[in-house]
>>> print(open('input13.cif').read())   # mmCIF, C-alpha atoms
data_input
#
loop_
_atom_site.label_atom_id
_atom_site.label_comp_id
_atom_site.auth_asym_id
_atom_site.auth_seq_id
_atom_site.Cartn_x
_atom_site.Cartn_y
_atom_site.Cartn_z
CA MET A 1 -8.86 -54.26 -79.92
CA GLY A 2 -11.43 -51.47 -80.12
CA ILE A 3 -10.30 -49.63 -77.00
CA MET A 4 -6.61 -50.12 -77.87
CA LYS A 5 -7.28 -48.60 -81.28
CA ARG A 6 -8.98 -45.60 -79.72
CA LEU A 7 -6.24 -45.01 -77.13
CA VAL A 8 -3.30 -45.67 -79.48
CA PRO A 9 -4.58 -44.43 -82.85
CA HIS A 10 -1.22 -44.40 -84.55
CA PRO A 11 1.25 -47.00 -83.22
CA ILE A 12 4.00 -46.16 -85.75
CA LEU A 13 3.89 -42.47 -84.82
CA THR A 14 4.03 -43.46 -81.14
CA LEU A 15 7.22 -45.45 -81.76
CA LEU A 16 8.72 -42.69 -83.91
CA LEU A 17 8.03 -40.00 -81.28
CA THR A 18 9.48 -42.15 -78.50
CA PHE A 19 12.62 -42.79 -80.56
CA THR A 20 12.92 -39.09 -81.45
CA TRP A 21 12.65 -38.13 -77.78
CA LEU A 22 15.30 -40.67 -76.78
CA CYS A 23 17.65 -39.35 -79.47
CA LEU A 24 17.08 -35.74 -78.47
CA ALA A 25 17.51 -36.42 -74.75
CA ALA A 26 20.63 -38.53 -75.56
CA THR A 27 20.33 -40.32 -72.23
CA TRP A 28 19.37 -43.99 -72.43
CA THR A 29 17.60 -44.27 -69.10
CA LEU A 30 14.23 -45.70 -68.07
CA ASN A 31 13.23 -42.18 -67.07
CA SER A 32 13.56 -40.67 -70.54
CA LEU A 33 12.08 -43.82 -72.13
CA LEU A 34 8.93 -43.43 -70.03
CA PHE A 35 8.71 -39.70 -70.72
CA GLY A 36 9.17 -40.29 -74.46
CA LEU A 37 6.55 -43.02 -74.43
CA GLY A 38 4.19 -40.63 -72.63
CA LEU A 39 4.70 -38.01 -75.34
CA GLY A 40 4.29 -40.70 -77.98
CA LEU A 41 0.93 -41.66 -76.53
CA ILE A 42 -0.42 -38.14 -75.89
CA ILE A 43 0.55 -36.40 -79.16
CA PRO A 44 -1.14 -38.88 -81.58
CA PHE A 45 -4.21 -38.97 -79.31
CA VAL A 46 -4.56 -35.17 -79.24
CA THR A 47 -3.82 -34.60 -82.95
CA GLN A 48 -6.07 -37.47 -84.08
CA PRO A 49 -8.78 -35.17 -85.60
CA TYR A 50 -6.25 -33.75 -88.08
CA TRP A 51 -5.85 -36.99 -90.06
CA PRO A 52 -9.32 -38.36 -90.68
CA ASN A 53 -8.37 -40.44 -93.73
CA ARG A 54 -4.75 -41.31 -93.12
CA PRO A 55 -3.49 -44.00 -95.48
CA ARG A 56 -2.71 -47.56 -94.47
CA LEU A 57 0.92 -48.52 -94.93
CA ARG A 58 0.63 -51.59 -97.11
CA ALA A 59 4.28 -52.55 -97.17
CA PRO A 60 6.25 -51.03 -94.27
CA LEU A 61 9.45 -52.89 -95.17
CA LYS A 62 9.48 -51.24 -98.60
CA ILE A 63 10.03 -47.92 -96.79
CA ALA A 64 13.53 -49.06 -95.85
CA GLU A 65 14.23 -49.93 -99.49
CA TYR A 66 12.84 -46.55 -100.57
CA ILE A 67 15.05 -44.64 -98.11
CA LEU A 68 18.16 -46.50 -99.30
CA VAL A 69 17.33 -45.84 -102.97
CA VAL A 70 16.81 -42.14 -102.26
CA LEU A 71 20.03 -41.82 -100.22
CA TRP A 72 22.01 -43.51 -103.00
CA ASP A 73 20.41 -41.26 -105.64
CA ILE A 74 21.28 -38.18 -103.56
CA VAL A 75 24.97 -39.14 -103.64
CA ILE A 76 24.95 -39.89 -107.38
CA ALA A 77 22.92 -36.80 -108.32
CA ASN A 78 25.13 -34.58 -106.15
CA THR A 79 28.23 -35.45 -108.19
CA ILE A 80 26.34 -34.95 -111.48
CA VAL A 81 25.05 -31.54 -110.37
CA ALA A 82 28.45 -30.52 -108.99
CA ARG A 83 29.93 -31.23 -112.42
CA ILE A 84 27.20 -29.13 -114.09
CA VAL A 85 27.73 -26.23 -111.67
CA LEU A 86 31.52 -26.24 -111.91
CA PHE A 87 32.22 -27.05 -115.55
CA LYS A 88 29.17 -26.44 -117.73
CA PRO A 89 28.79 -22.91 -119.14
CA ASN A 90 25.38 -21.38 -118.49
CA ALA A 91 24.71 -21.13 -122.23
CA ASP A 92 24.97 -24.94 -122.67
CA ARG A 93 22.71 -25.72 -119.74
CA LYS A 94 19.08 -26.44 -120.60
CA PRO A 95 16.84 -25.73 -117.59
CA ALA A 96 13.32 -27.07 -118.16
CA TRP A 97 9.91 -27.34 -116.57
CA VAL A 98 8.62 -30.91 -116.57
CA THR A 99 5.04 -31.98 -115.89
CA ILE A 100 4.72 -35.27 -114.04
CA PRO A 101 1.23 -36.80 -114.26
CA LEU A 102 0.47 -38.43 -110.90
CA GLU A 103 -1.05 -41.83 -110.30
CA LEU A 104 -0.72 -41.39 -106.53
CA LYS A 105 -3.92 -40.20 -104.87
CA THR A 106 -3.18 -39.90 -101.14
CA PRO A 107 -1.88 -36.46 -100.05
CA GLU A 108 0.73 -38.07 -97.77
CA ALA A 109 2.23 -40.04 -100.66
CA ILE A 110 2.28 -37.00 -102.97
CA THR A 111 4.04 -35.00 -100.23
CA MET A 112 6.67 -37.76 -99.94
CA LEU A 113 7.19 -37.73 -103.71
CA ALA A 114 7.49 -33.92 -103.88
CA GLY A 115 9.94 -33.90 -100.95
CA THR A 116 12.03 -36.64 -102.55
CA ILE A 117 12.19 -34.77 -105.86
CA THR A 118 13.39 -31.61 -104.09
CA MET A 119 16.00 -33.39 -101.95
CA THR A 120 17.61 -35.16 -104.90
CA PRO A 121 19.79 -32.47 -106.50
CA GLY A 122 19.02 -31.42 -110.06
CA THR A 123 15.26 -31.58 -109.72
CA LEU A 124 12.91 -29.39 -107.69
CA SER A 125 9.17 -29.75 -107.24
CA ALA A 126 7.56 -26.33 -107.64
CA ASP A 127 3.80 -26.71 -107.80
CA LEU A 128 0.85 -29.07 -107.86
CA SER A 129 -1.95 -28.81 -110.42
CA SER A 130 -5.22 -27.32 -109.19
CA GLU A 131 -6.92 -30.70 -108.66
CA GLY A 132 -3.77 -32.55 -107.61
CA HIS A 133 -3.29 -34.70 -110.71
CA ALA A 134 0.12 -33.45 -111.82
CA LEU A 135 3.34 -32.17 -110.29
CA LEU A 136 5.40 -29.30 -111.75
CA VAL A 137 9.13 -30.06 -111.55
CA HIS A 138 12.02 -27.81 -112.46
CA CYS A 139 15.16 -29.48 -113.84
CA LEU A 140 18.57 -27.84 -113.62
CA ASP A 141 19.77 -29.46 -116.84
CA ALA A 142 17.39 -31.61 -118.87
CA PRO A 143 18.34 -32.20 -122.49
CA ASP A 144 15.56 -34.82 -122.58
CA PRO A 145 12.63 -33.83 -120.30
CA ASP A 146 10.59 -36.93 -121.19
CA ALA A 147 13.34 -39.28 -119.98
CA MET A 148 13.53 -37.30 -116.74
CA ARG A 149 9.78 -37.68 -116.22
CA ASP A 150 9.87 -41.43 -116.87
CA GLU A 151 12.80 -41.91 -114.48
CA ILE A 152 11.01 -40.12 -111.62
CA LYS A 153 7.83 -42.09 -112.25
CA ASP A 154 9.65 -45.39 -112.40
CA ARG A 155 12.11 -44.92 -109.54
CA TYR A 156 10.03 -43.08 -106.94
CA GLU A 157 6.35 -43.06 -107.80
CA ARG A 158 6.16 -46.80 -108.48
CA ARG A 159 7.77 -47.55 -105.08
CA LEU A 160 5.46 -45.11 -103.29
CA MET A 161 2.46 -46.74 -104.98
CA GLU A 162 3.56 -50.07 -103.49
CA ILE A 163 3.96 -48.54 -100.03
CA PHE A 164 0.79 -46.44 -99.82
CA GLU A 165 -1.83 -47.67 -102.28
CA MET B 1 42.04 -48.45 -85.83
CA ILE B 2 41.97 -44.88 -84.53
CA THR B 3 44.14 -43.74 -87.44
CA LEU B 4 41.81 -45.38 -89.94
CA ALA B 5 38.84 -43.69 -88.29
CA GLU B 6 40.64 -40.34 -88.38
CA PHE B 7 41.28 -40.78 -92.09
CA LEU B 8 37.59 -41.51 -92.63
CA ILE B 9 36.52 -38.51 -90.52
CA ALA B 10 38.85 -36.25 -92.50
CA PHE B 11 37.52 -37.74 -95.75
CA PHE B 12 33.89 -37.00 -94.82
CA LEU B 13 34.80 -33.45 -93.73
CA ILE B 14 36.57 -32.79 -97.03
CA ILE B 15 33.60 -34.15 -99.03
CA ALA B 16 31.29 -31.91 -96.99
CA GLY B 17 33.53 -28.90 -97.59
CA ILE B 18 33.65 -29.51 -101.34
CA PHE B 19 29.89 -29.81 -101.70
CA GLY B 20 29.27 -26.85 -99.41
CA PHE B 21 31.58 -24.83 -101.66
CA VAL B 22 29.90 -26.08 -104.86
CA GLY B 23 26.50 -25.15 -103.42
CA SER B 24 27.60 -21.58 -102.62
CA PHE B 25 29.44 -21.25 -105.92
CA GLY B 26 26.29 -22.39 -107.74
CA LEU B 27 24.34 -19.53 -106.14
CA LEU B 28 26.79 -17.09 -107.74
CA LYS B 29 27.27 -18.77 -111.08
CA LEU B 30 23.84 -19.99 -112.17
CA ASN B 31 22.00 -17.26 -114.04
CA ASP B 32 18.27 -17.71 -113.48
CA GLU B 33 16.22 -17.76 -110.27
CA MET B 34 14.87 -21.29 -110.48
CA SER B 35 18.30 -22.77 -111.24
CA ARG B 36 19.80 -20.94 -108.27
CA LEU B 37 17.30 -22.69 -106.05
CA HIS B 38 18.98 -26.00 -106.94
CA ALA B 39 22.26 -25.02 -105.30
CA PRO B 40 21.14 -25.11 -101.63
CA THR B 41 19.74 -28.65 -101.99
CA LYS B 42 23.30 -29.83 -102.56
CA ALA B 43 24.65 -27.98 -99.55
CA THR B 44 21.92 -29.43 -97.31
CA THR B 45 22.26 -33.04 -98.48
CA LEU B 46 25.89 -34.06 -99.01
CA GLY B 47 27.36 -30.90 -97.45
CA VAL B 48 25.63 -31.24 -94.11
CA GLY B 49 25.46 -35.04 -94.42
CA GLY B 50 29.25 -35.31 -94.59
CA VAL B 51 29.73 -33.22 -91.44
CA LEU B 52 27.11 -35.29 -89.59
CA LEU B 53 28.72 -38.61 -90.61
CA ALA B 54 32.11 -37.33 -89.49
CA SER B 55 30.62 -36.18 -86.19
CA MET B 56 28.94 -39.55 -85.52
CA LEU B 57 32.13 -41.42 -86.38
CA ASN B 58 34.18 -39.14 -84.14
CA ALA B 59 31.82 -39.70 -81.21
CA ALA B 60 31.74 -43.47 -81.74
CA VAL B 61 35.44 -44.21 -82.29
CA VAL B 62 37.45 -41.38 -80.75
CA GLN B 63 35.23 -40.44 -77.80
CA GLY B 64 33.73 -43.90 -77.39
CA HIS B 65 30.02 -43.20 -77.07
CA LEU B 66 27.04 -43.45 -79.39
CA SER B 67 25.71 -40.12 -80.64
CA LEU B 68 22.32 -39.98 -82.33
CA HIS B 69 21.72 -36.22 -82.36
CA GLU B 70 23.02 -36.20 -85.93
CA LEU B 71 20.21 -38.49 -87.08
CA MET B 72 17.72 -35.99 -85.68
CA ILE B 73 19.41 -33.11 -87.54
CA THR B 74 19.07 -35.16 -90.76
CA LEU B 75 15.42 -35.89 -90.01
CA PHE B 76 14.55 -32.23 -89.34
CA LEU B 77 16.50 -31.07 -92.41
CA PHE B 78 14.67 -33.52 -94.65
CA LEU B 79 11.37 -32.29 -93.21
CA THR B 80 12.05 -28.55 -93.54
CA ALA B 81 14.30 -28.10 -96.61
CA PRO B 82 11.74 -29.20 -99.26
CA ILE B 83 9.07 -26.95 -97.74
CA THR B 84 11.32 -23.87 -97.84
CA ALA B 85 12.30 -24.63 -101.44
CA HIS B 86 8.64 -25.14 -102.34
CA PHE B 87 7.68 -21.74 -100.90
CA ILE B 88 10.47 -19.95 -102.76
CA ALA B 89 9.41 -21.68 -106.01
CA LYS B 90 5.81 -20.61 -105.41
CA VAL B 91 6.90 -16.98 -104.93
CA HIS B 92 8.84 -17.23 -108.18
CA ILE B 93 5.75 -18.55 -110.00
CA HIS B 94 3.66 -15.72 -108.56
CA LEU B 95 6.12 -13.00 -109.58
CA GLN B 96 7.76 -14.22 -112.79
CA GLU B 97 5.68 -16.89 -114.50
CA SER B 98 2.31 -16.56 -116.19
CA ARG B 99 -0.10 -19.28 -117.28
CA ASP B 100 1.51 -19.28 -120.72
CA THR B 101 5.12 -19.71 -119.64
CA LEU B 102 4.50 -22.90 -117.66
CA PRO B 103 3.77 -26.26 -119.32
CA GLU B 104 0.30 -27.80 -119.40
CA ALA B 105 -0.97 -28.88 -115.98
CA GLY B 106 -1.85 -32.44 -116.88
CA GLY B 107 -5.62 -32.83 -117.17
CA ASP B 108 -6.46 -30.06 -114.70
CA GLY B 109 -5.76 -27.01 -116.85
CA LEU B 110 -4.19 -24.86 -114.11
CA TRP B 111 -1.34 -25.02 -111.61
CA ALA B 112 -2.45 -24.47 -108.01
CA THR B 113 -0.52 -21.18 -107.65
CA HIS B 114 -2.44 -19.69 -110.59
CA ASP B 115 -5.78 -21.04 -109.37
CA THR B 116 -7.05 -17.73 -107.98
CA PRO B 117 -10.57 -17.03 -106.63
CA ALA B 118 -11.25 -14.80 -109.66
CA ASP B 119 -11.55 -17.99 -111.77
CA GLU B 120 -14.74 -18.90 -109.98
CA ASP B 121 -16.73 -15.94 -111.35
#
>>> encode(input="input13.cif", output="structure tokens")
Amino acid sequence: MGIMKRLVPHPILTLLLTFTWLCLAATWTLNSLLFGLGLGLIIPFVTQPYWPNRPRLRAPLKIAEYILVVLWDIVIANTIVARIVLFKPNADRKPAWVTIPLELKTPEAITMLAGTITMTPGTLSADLSSEGHALLVHCLDAPDPDAMRDEIKDRYERRLMEIFE
Amino acid sequence: MITLAEFLIAFFLIIAGIFGFVGSFGLLKLNDEMSRLHAPTKATTLGVGGVLLASMLNAAVVQGHLSLHELMITLFLFLTAPITAHFIAKVHIHLQESRDTLPEAGGDGLWATHDTPADED
């Protein structure tokens, strides 16, 4: 176990890199599988010093649920934002800054949350507070900023808490 | 079967076209910098997503082979788009916003962009 852990420090990254290589090469042969696996073994081994305290994934299956929720929200939010862009006069639109207090502690989880907020249309993460305890989010149209904050905390942050912490 | 697939491919392409148009139109119509930044996130999610779905479907049904390049494009877009948007937002905060125009930074007092070395004196 000890030597395996030292040689393969990050098994999930190894699988992900192998899969990425296979997709990029687009040839499903033993040759590219072996080359991809080689890359998947070397890259985590070499870059190991850069993640001294990487988080444990507590519930890997929840990641699938999280991805589906986010994809669905992207479709829904896209139509809402399209309606705002096309039909709402600029004077009626209420853009707002919203502060989201964070319960997440791990940098990886906060990065996931910030990325998710940016990719769902209508909200955009702009900055992190100086000690990393709050996230600054810009909303395209937020008549009720508090409701927006609670929705982000309940939909995304709660799920990320279950995955990472 | 092929006809059905062609209808679906056309449907995804039209969806992609509409959202690509709305994204570009938003850049013109919205009237402040931060709001304009919202427009490209639409073009990169449903706009590009629709084209990629259509492309995968076309490869699978019409040409008869599995194509996974599109998944990689999605992966790389989802990795890079938030970072670009984040940098543009940070530039905006540097140039246009002061400590007073932004809301309170939770319990920390300052947002990271305004946390300059001068504060340590």
>>> interface_residues(input="input13.cif", of="chain A", to="chain B", cutoff="9 Å", atoms="all atoms listed in the file", output="PDB file with C-alpha atoms, in the frame of the given file")
ATOM      1  CA  THR A  20      12.920 -39.090 -81.450  1.00  0.00           C
ATOM      2  CA  LEU A  22      15.300 -40.670 -76.780  1.00  0.00           C
ATOM      3  CA  CYS A  23      17.650 -39.350 -79.470  1.00  0.00           C
ATOM      4  CA  LEU A  24      17.080 -35.740 -78.470  1.00  0.00           C
ATOM      5  CA  ALA A  25      17.510 -36.420 -74.750  1.00  0.00           C
ATOM      6  CA  ALA A  26      20.630 -38.530 -75.560  1.00  0.00           C
ATOM      7  CA  ILE A  74      21.280 -38.180-103.560  1.00  0.00           C
ATOM      8  CA  VAL A  75      24.970 -39.140-103.640  1.00  0.00           C
ATOM      9  CA  ASN A  78      25.130 -34.580-106.150  1.00  0.00           C
ATOM     10  CA  THR A  79      28.230 -35.450-108.190  1.00  0.00           C
ATOM     11  CA  VAL A  81      25.050 -31.540-110.370  1.00  0.00           C
ATOM     12  CA  ALA A  82      28.450 -30.520-108.990  1.00  0.00           C
ATOM     13  CA  VAL A  85      27.730 -26.230-111.670  1.00  0.00           C
ATOM     14  CA  LEU A  86      31.520 -26.240-111.910  1.00  0.00           C
ATOM     15  CA  ASN A  90      25.380 -21.380-118.490  1.00  0.00           C
ATOM     16  CA  PRO A  95      16.840 -25.730-117.590  1.00  0.00           C
ATOM     17  CA  TRP A  97       9.910 -27.340-116.570  1.00  0.00           C
ATOM     18  CA  VAL A  98       8.620 -30.910-116.570  1.00  0.00           C
ATOM     19  CA  THR A  99       5.040 -31.980-115.890  1.00  0.00           C
ATOM     20  CA  ILE A 100       4.720 -35.270-114.040  1.00  0.00           C
ATOM     21  CA  PRO A 101       1.230 -36.800-114.260  1.00  0.00           C
ATOM     22  CA  LEU A 102       0.470 -38.430-110.900  1.00  0.00           C
ATOM     23  CA  ALA A 114       7.490 -33.920-103.880  1.00  0.00           C
ATOM     24  CA  GLY A 115       9.940 -33.900-100.950  1.00  0.00           C
ATOM     25  CA  THR A 116      12.030 -36.640-102.550  1.00  0.00           C
ATOM     26  CA  ILE A 117      12.190 -34.770-105.860  1.00  0.00           C
ATOM     27  CA  THR A 118      13.390 -31.610-104.090  1.00  0.00           C
ATOM     28  CA  MET A 119      16.000 -33.390-101.950  1.00  0.00           C
ATOM     29  CA  THR A 120      17.610 -35.160-104.900  1.00  0.00           C
ATOM     30  CA  PRO A 121      19.790 -32.470-106.500  1.00  0.00           C
ATOM     31  CA  GLY A 122      19.020 -31.420-110.060  1.00  0.00           C
ATOM     32  CA  THR A 123      15.260 -31.580-109.720  1.00  0.00           C
ATOM     33  CA  LEU A 124      12.910 -29.390-107.690  1.00  0.00           C
ATOM     34  CA  SER A 125       9.170 -29.750-107.240  1.00  0.00           C
ATOM     35  CA  ALA A 126       7.560 -26.330-107.640  1.00  0.00           C
ATOM     36  CA  ASP A 127       3.800 -26.710-107.800  1.00  0.00           C
ATOM     37  CA  LEU A 128       0.850 -29.070-107.860  1.00  0.00           C
ATOM     38  CA  SER A 129      -1.950 -28.810-110.420  1.00  0.00           C
ATOM     39  CA  SER A 130      -5.220 -27.320-109.190  1.00  0.00           C
ATOM     40  CA  GLU A 131      -6.920 -30.700-108.660  1.00  0.00           C
ATOM     41  CA  GLY A 132      -3.770 -32.550-107.610  1.00  0.00           C
ATOM     42  CA  HIS A 133      -3.290 -34.700-110.710  1.00  0.00           C
ATOM     43  CA  ALA A 134       0.120 -33.450-111.820  1.00  0.00           C
ATOM     44  CA  LEU A 135       3.340 -32.170-110.290  1.00  0.00           C
ATOM     45  CA  LEU A 136       5.400 -29.300-111.750  1.00  0.00           C
ATOM     46  CA  HIS A 138      12.020 -27.810-112.460  1.00  0.00           C
ATOM     47  CA  CYS A 139      15.160 -29.480-113.840  1.00  0.00           C
ATOM     48  CA  LEU A 140      18.570 -27.840-113.620  1.00  0.00           C
ATOM     49  CA  ASP A 141      19.770 -29.460-116.840  1.00  0.00           C
TER      50      ASP A 141
END
>>> atom_distance(input="input13.cif", atom1="atom CA of Pro11 of chain A", atom2="atom CA of Met112 of chain A")
19.9 Å
>>> residues_around(input="input13.cif", residues="Ala16 of chain B", least_positions_apart="4", cutoff="7 Å", atoms="all atoms listed in the file", output="number ranges by chain")
B: 12, 20, 46-48, 50-51
>>> atom_distance(input="input13.cif", atom1="atom CA of Ile67 of chain A", atom2="atom CA of Leu53 of chain B")
16.7 Å
>>> closest_residue(input="input13.cif", among="B:Gln63, B:Thr74, B:Ser98, B:Thr84", to="Glu6 of chain B", atoms="all atoms listed in the file")
B:Gln63
>>> atom_distance(input="input13.cif", atom1="atom CA of Asn31 of chain A", atom2="atom CA of Ala64 of chain A")
29.6 Å
>>> residues_around(input="input13.cif", residues="Ile9 of chain B", least_positions_apart="5", cutoff="8 Å", atoms="all atoms listed in the file", output="PyMOL selection string")
chain B and resi 53-55+57-58
>>> write_last_selection(input="input13.cif", atoms="C-alpha atoms", output="compact mmCIF listing (two decimals), keeping the file's coordinate frame")
# COMPACT_ATOMS: atom_id res chain seq x y z
CA LEU B 53 28.72 -38.61 -90.61
CA ALA B 54 32.11 -37.33 -89.49
CA SER B 55 30.62 -36.18 -86.19
CA LEU B 57 32.13 -41.42 -86.38
CA ASN B 58 34.18 -39.14 -84.14
>>> decode(input="input13.cif", residues="segment 41-83 of chain A", atoms="C-alpha atoms", output="mmCIF file, in the first residue's frame")
data_model
loop_
_atom_site.group_PDB
_atom_site.id
_atom_site.type_symbol
_atom_site.label_atom_id
_atom_site.label_comp_id
_atom_site.auth_asym_id
_atom_site.auth_seq_id
_atom_site.Cartn_x
_atom_site.Cartn_y
_atom_site.Cartn_z
ATOM 1 C CA LEU A 41 1.255 8.015 -14.156
ATOM 2 C CA ILE A 42 4.053 10.516 -14.841
ATOM 3 C CA ILE A 43 2.131 13.821 -14.576
ATOM 4 C CA PRO A 44 0.641 13.265 -11.068
ATOM 5 C CA PHE A 45 4.007 11.929 -9.861
ATOM 6 C CA VAL A 46 5.930 14.974 -11.126
ATOM 7 C CA THR A 47 3.383 17.594 -10.004
ATOM 8 C CA GLN A 48 2.883 15.981 -6.576
ATOM 9 C CA PRO A 49 4.686 18.790 -4.630
ATOM 10 C CA TYR A 50 2.119 21.340 -5.837
ATOM 11 C CA TRP A 51 -0.787 19.862 -3.841
ATOM 12 C CA PRO A 52 0.481 19.192 -0.350
ATOM 13 C CA ASN A 53 -2.947 19.272 1.316
ATOM 14 C CA ARG A 54 -5.288 18.128 -1.410
ATOM 15 C CA PRO A 55 -8.751 17.307 -0.090
ATOM 16 C CA ARG A 56 -10.176 13.814 0.191
ATOM 17 C CA LEU A 57 -13.239 13.227 -1.957
ATOM 18 C CA ARG A 58 -15.738 12.026 0.595
ATOM 19 C CA ALA A 59 -18.567 11.200 -1.776
ATOM 20 C CA PRO A 60 -17.364 10.698 -5.367
ATOM 21 C CA LEU A 61 -20.810 9.644 -6.607
ATOM 22 C CA LYS A 62 -22.261 12.984 -5.511
ATOM 23 C CA ILE A 63 -20.038 14.613 -8.166
ATOM 24 C CA ALA A 64 -22.216 13.057 -10.875
ATOM 25 C CA GLU A 65 -25.323 14.468 -9.187
ATOM 26 C CA TYR A 66 -23.630 17.874 -8.891
ATOM 27 C CA ILE A 67 -22.693 17.934 -12.594
ATOM 28 C CA LEU A 68 -26.259 17.050 -13.619
ATOM 29 C CA VAL A 69 -27.733 19.751 -11.350
ATOM 30 C CA VAL A 70 -25.341 22.351 -12.781
ATOM 31 C CA LEU A 71 -26.015 21.350 -16.410
ATOM 32 C CA TRP A 72 -29.767 21.560 -15.811
ATOM 33 C CA ASP A 73 -29.411 24.966 -14.118
ATOM 34 C CA ILE A 74 -27.332 26.229 -17.064
ATOM 35 C CA VAL A 75 -30.190 25.412 -19.452
ATOM 36 C CA ILE A 76 -32.842 26.996 -17.207
ATOM 37 C CA ALA A 77 -30.770 30.095 -16.402
ATOM 38 C CA ASN A 78 -29.887 30.575 -20.071
ATOM 39 C CA THR A 79 -33.541 31.002 -21.034
ATOM 40 C CA ILE A 80 -34.158 33.369 -18.102
ATOM 41 C CA VAL A 81 -31.148 35.512 -19.025
ATOM 42 C CA ALA A 82 -32.045 35.460 -22.728
ATOM 43 C CA ARG A 83 -35.461 36.865 -21.807
#
